[in-house]
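Report on the structure given below.
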Amino acid sequence: MEKTTRMRVRRQGLLNEVQVLVRHPMKAAGAEAADCIEKLTCRCNGAAVGEIYTGANVAENPLFVLAVDEICAGDLLEVCWRDSRGDRGQAALLVS
């Protein structure tokens, strides 16, 4: 399965919802080594606005939702993640 990342922003006044969908095959520890997302970081114009730390109980193709204050049109949102095998993924979105 190809590991891809998609992002969407729902602007609601001062509080905004950032949705991040990661296509990622999760494998629990067992016969094979675990393969799960360990950390997801969200940045707005280069400044960290949220981090999520996960474990082996995350579902396959997870949807992460972060509440972020004061996102404006023209801001650059970036998200990056790292999994337990060292693979990384990222996405960027210019807020409109």
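So you can find residues: chains in the structure tokens are A, B, ... in the order shown, residues in each start at 1, and ligands are numbered from 1 in order.
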Set the distance at 10 Å and use only C-alpha atoms: which residues neighbour region 63-80 of chain A once local chain neighbours fewer than 3 positions away are removed? I'd like the list as a PyMOL selection string.
chain A and resi 5-23+39-52+58-60+88-96
Could you pull the residues within 10 Å of Asp35 (chain A), counting only C-alpha atoms, minus those fewer than 2 positions along the same chain, as a PyMOL selection string?
chain A and resi 24-29+32-33+37-38+55-56+83-87
Strand (DSSP E) per DSSP on the backbone: members of chain A, as an NGL selection string
:A and (4-12 or 15-23 or 37-44 or 47-53 or 63-69 or 76-83 or 88-94)
